[in-house]
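Visitor: Sharing start21.pdb here; it has PDB, C-alpha atoms.
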```pdb
ATOM      1  CA  MET X  20      46.471  70.195  72.600
ATOM      2  CA  LEU X  21      46.183  72.719  75.429
ATOM      3  CA  GLY X  22      42.684  74.144  75.284
ATOM      4  CA  SER X  23      39.938  73.817  72.699
ATOM      5  CA  HIS X  24      40.918  76.706  70.421
ATOM      6  CA  PRO X  25      42.310  75.778  67.001
ATOM      7  CA  PRO X  26      45.723  77.262  66.193
ATOM      8  CA  ASP X  27      45.530  80.712  64.664
ATOM      9  CA  PRO X  28      46.781  80.583  61.045
ATOM     10  CA  ASP X  29      47.763  84.258  61.165
ATOM     11  CA  ASN X  30      50.475  84.135  63.813
ATOM     12  CA  HIS X  31      52.340  81.100  62.410
ATOM     13  CA  GLY X  32      53.301  79.930  65.891
ATOM     14  CA  HIS X  33      54.891  83.245  66.831
ATOM     15  CA  GLY X  34      52.055  84.411  69.049
ATOM     16  CA  PHE X  35      52.217  85.297  72.720
ATOM     17  CA  ARG X  36      51.253  81.797  73.849
ATOM     18  CA  SER X  37      53.975  79.909  71.949
ATOM     19  CA  ASN X  38      56.519  82.574  72.914
ATOM     20  CA  TYR X  39      55.518  82.191  76.553
ATOM     21  CA  TYR X  40      55.806  78.410  76.506
ATOM     22  CA  GLN X  41      59.131  78.604  74.679
ATOM     23  CA  ARG X  42      60.488  81.005  77.297
ATOM     24  CA  CYS X  43      59.250  78.790  80.116
ATOM     25  CA  THR X  44      60.897  75.762  78.512
ATOM     26  CA  LEU X  45      64.183  77.606  78.032
ATOM     27  CA  LEU X  46      64.057  78.914  81.593
ATOM     28  CA  ALA X  47      63.361  75.456  83.011
ATOM     29  CA  LEU X  48      66.191  74.013  80.911
ATOM     30  CA  ALA X  49      68.601  76.710  82.087
ATOM     31  CA  ILE X  50      67.613  76.125  85.722
ATOM     32  CA  ALA X  51      68.086  72.379  85.319
ATOM     33  CA  VAL X  52      71.524  72.828  83.732
ATOM     34  CA  GLN X  53      72.571  75.319  86.408
ATOM     35  CA  THR X  54      71.352  73.025  89.195
ATOM     36  CA  ARG X  55      73.194  70.074  87.666
ATOM     37  CA  LEU X  56      76.402  72.088  87.337
ATOM     38  CA  MET X  57      76.097  73.331  90.919
ATOM     39  CA  SER X  58      75.499  69.828  92.273
ATOM     40  CA  LEU X  59      78.428  68.545  90.215
ATOM     41  CA  ALA X  60      80.676  71.288  91.596
ATOM     42  CA  MET X  61      79.486  70.544  95.141
ATOM     43  CA  PHE X  62      80.145  66.831  94.588
ATOM     44  CA  ILE X  63      83.686  67.542  93.336
ATOM     45  CA  GLU X  64      84.295  69.886  96.259
ATOM     46  CA  ALA X  65      83.008  67.341  98.764
ATOM     47  CA  SER X  66      85.069  64.523  97.249
ATOM     48  CA  ASN X  67      88.171  66.747  97.350
ATOM     49  CA  ALA X  68      87.549  67.539 101.015
ATOM     50  CA  PHE X  69      86.916  63.855 101.718
ATOM     51  CA  ALA X  70      90.174  62.897  99.990
ATOM     52  CA  LYS X  71      92.055  65.506 102.026
ATOM     53  CA  LEU X  72      90.547  64.119 105.225
ATOM     54  CA  ASN X  73      91.425  60.523 104.398
ATOM     55  CA  PHE X  74      94.782  61.050 102.711
ATOM     56  CA  PRO X  75      96.563  64.144 104.025
ATOM     57  CA  VAL X  76      99.052  65.497 101.514
ATOM     58  CA  PRO X  77     102.578  65.756 102.973
ATOM     59  CA  PRO X  78     103.998  69.277 102.854
TER      60      PRO X  78
END
```
Would you mind writing the file's structure down as structure tokens?
Guide:
Amino acid sequence: MLGSHPPDPDNHGHGFRSNYYQRCTLLALAIAVQTRLMSLAMFIEASNAFAKLNFPVPP
């Protein structure tokens, strides 16, 4: 797959390389989720502000 070395039968996929790629994948996933949540919150905030501008709530 990545590189020409065959997989080492002794580490059973728990070596440094697979750990590193797993951490990178988890980190990228967490960043993507956090970015999506932040953009969703910003969208809700902006739509709330837009609604307040267009339709002022009577006191």
Visitor: Can you measure atom CA of Tyr40 of chain X to atom CA of Leu56 of chain X for me? One decimal in Å is fine.
Guide: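 Separation of atom CA of Tyr40 of chain X and atom CA of Leu56 of chain X: 24.1 Å.
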Visitor: Could you work out how far atom CA of Thr54 of chain X lies from atom CA of Lys71 of chain X, giving the answer in Å with one decimal?
Guide: 25.5 Å
Visitor: Report, as AutoDock Vina command-line options, the centre and edge lengths in Å (one decimal) of the axis-aligned box enclosing every listed atom of segment 45-50 of chain X, padded by 8 Å on each side.
Guide:
```
--center_x 66.0 --center_y 76.5 --center_z 81.9 --size_x 21.2 --size_y 20.9 --size_z 23.7
```
Visitor: Quote the spacing between atom CA of Ile63 of chain X and atom CA of Thr44 of chain X in Å to one decimal place.
Guide: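 For atom CA of Ile63 of chain X relative to atom CA of Thr44 of chain X, the distance reads 28.4 Å.
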